[in-house]
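Below: the structure, in structure tokens.
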Amino acid sequence: MFTLVTDRNKFYRVKRGQCARDVESHFGVPVLGGAFAGRIIEVGDKTYSRYTADVGDTYRTVALKFGVDEKLLEEANGNAPVYPTKKLFVPFK
């Protein structure tokens with residue numbers, strides 16, 4: 001029989017009453033698919049910076065500005081549309 005061993009510092013279980021914004025602001029990682037009580041979210045090994053989109057920004061322009069892959073940037077933000085004042089997670093290289 002196999003036992004799953006995980007690093008507790010890499011995962012977080014969402015507590016009752018928390019929302020995705022709470023978890024995102026505390027750990028600085030995107031929460032895709034919502035945050036509900038009991039959900040386990042991966043929070044370790046990935047580092048992101050926050051960027052507020054300006055007028056005319058797209059995933060392509062932000063990716064070029066920070067030197068990251070456009071597809072990776074889209075995935076980190078759940079492929080949601082980019083609009084002015086939208087807070088984007090930008091993965092570090």
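Ordering of the structure tokens sets the chain letters (A, B, ...), residue numbers begin anew at 1 in every chain, and ligands are numbered from 1 in the order given.
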
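The shell of residues at most 7 Å from Gly78 in chain A, with only C-alpha atoms counted and near chain neighbours (fewer than 3 positions) removed, consists of Leu32, Glu74 and Glu75 of chain A.
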
Please provide the set of residues having any atom within 12 Å of Phe27 in chain A, restricted to only C-alpha atoms, with same-chain residues fewer than 4 positions apart removed, written as a list in words.
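Returned residues: Asn9, Lys10, Phe11, Tyr12, Val14, Ala20, Arg21, Asp22, Val23, Val31, Ile41, Glu42, Val43, Gly44, Asp45, Lys46, Thr47, Tyr48, Ser49, Arg50 and Phe89 of chain A.
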
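Between Lys15 in chain A and the residues A:Gly33, A:Pro81, A:Gly67, A:Gly38, the shortest atom-to-atom distance, using only C-alpha atoms, involves A:Gly38.
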
Non-local contacts of Thr52 in chain A (8 Å; only C-alpha atoms; under 6 positions in same chain excluded) as a compact mmCIF listing (two decimals) with N, CA and C atoms, in the first residue's frame:
# COMPACT_ATOMS: atom_id res chain seq x y z
N PRO A 84 -8.91 47.59 -17.76
CA PRO A 84 -8.23 48.54 -16.88
C PRO A 84 -8.64 48.32 -15.42
N THR A 85 -7.70 48.39 -14.53
CA THR A 85 -7.81 48.21 -13.07
C THR A 85 -7.90 46.75 -12.65
N LYS A 86 -7.90 45.80 -13.60
CA LYS A 86 -7.92 44.38 -13.23
C LYS A 86 -6.59 44.02 -12.59
N LYS A 87 -6.64 43.31 -11.48
CA LYS A 87 -5.43 42.86 -10.80
C LYS A 87 -5.00 41.52 -11.43
N LEU A 88 -3.80 41.50 -11.97
CA LEU A 88 -3.27 40.29 -12.60
C LEU A 88 -2.16 39.68 -11.77

Which residues are near Glu70 in chain A? Cut-off 12 Å, only C-alpha atoms, ignore same chain within fewer than 2 positions. Put them as a short mmCIF file (atom, residue, chain, number, x, y, z; two decimals) with C-alpha atoms, in the first residue's frame.
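And here's selection15.cif as it stands now:
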data_model
loop_
_atom_site.label_atom_id
_atom_site.label_comp_id
_atom_site.auth_asym_id
_atom_site.auth_seq_id
_atom_site.Cartn_x
_atom_site.Cartn_y
_atom_site.Cartn_z
CA THR A 58 -3.67 42.61 -23.01
CA TYR A 59 -2.08 39.36 -21.92
CA ARG A 60 0.39 39.82 -24.74
CA THR A 61 1.49 43.34 -23.73
CA VAL A 62 1.77 42.39 -20.04
CA ALA A 63 3.75 39.24 -20.92
CA LEU A 64 6.17 41.29 -23.03
CA LYS A 65 6.49 43.92 -20.28
CA PHE A 66 7.48 41.33 -17.67
CA GLY A 67 9.26 38.86 -19.97
CA VAL A 68 7.02 35.88 -19.20
CA LEU A 72 1.49 30.96 -18.56
CA LEU A 73 0.19 34.44 -17.71
CA GLU A 74 -3.26 33.57 -19.05
CA GLU A 75 -3.39 30.31 -17.07
CA ALA A 76 -2.32 32.07 -13.86
CA ASN A 77 -5.29 34.41 -14.26
CA ASN A 79 -8.09 33.11 -18.90
CA VAL A 90 2.32 37.71 -13.04
CA PRO A 91 4.50 34.60 -12.51
#

Any chance you could list, as JSON, numbers by chain, the residues in range 7-66 of chain A that come up helix (DSSP H, G or I) when DSSP is run on the backbone?
{"A": [8, 9, 10, 20, 21, 22, 23, 24, 25, 26, 27, 59, 60, 61, 62, 63, 64, 65, 66]}

Could you pull out the strand (DSSP E or B) residues of chain A, going by DSSP on the backbone, and write them as a compact mmCIF listing (two decimals) with C-alpha atoms, in the first residue's frame?
# COMPACT_ATOMS: atom_id res chain seq x y z
CA PHE A 11 -0.92 23.41 0.50
CA TYR A 12 -3.64 25.30 2.34
CA ARG A 13 -7.16 24.18 3.29
CA ILE A 40 -7.17 22.45 -0.70
CA ILE A 41 -5.17 25.03 -2.65
CA GLU A 42 -1.54 24.78 -3.68
CA TYR A 48 3.79 35.82 -8.36
CA SER A 49 3.77 39.57 -8.42
CA ARG A 50 0.60 41.63 -8.71
CA TYR A 51 0.05 44.02 -11.58
CA THR A 52 -2.87 46.38 -12.15
CA LYS A 87 -5.43 42.86 -10.80
CA LEU A 88 -3.27 40.29 -12.60
CA PHE A 89 -0.98 37.66 -11.18
CA VAL A 90 2.32 37.71 -13.04
CA PRO A 91 4.50 34.60 -12.51

Grab the CA of Ser25 in chain A to CA of Ala80 in chain A distance for me, in Å with one decimal place.
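CA of Ala80 in chain A lies 18.4 Å from CA of Ser25 in chain A.
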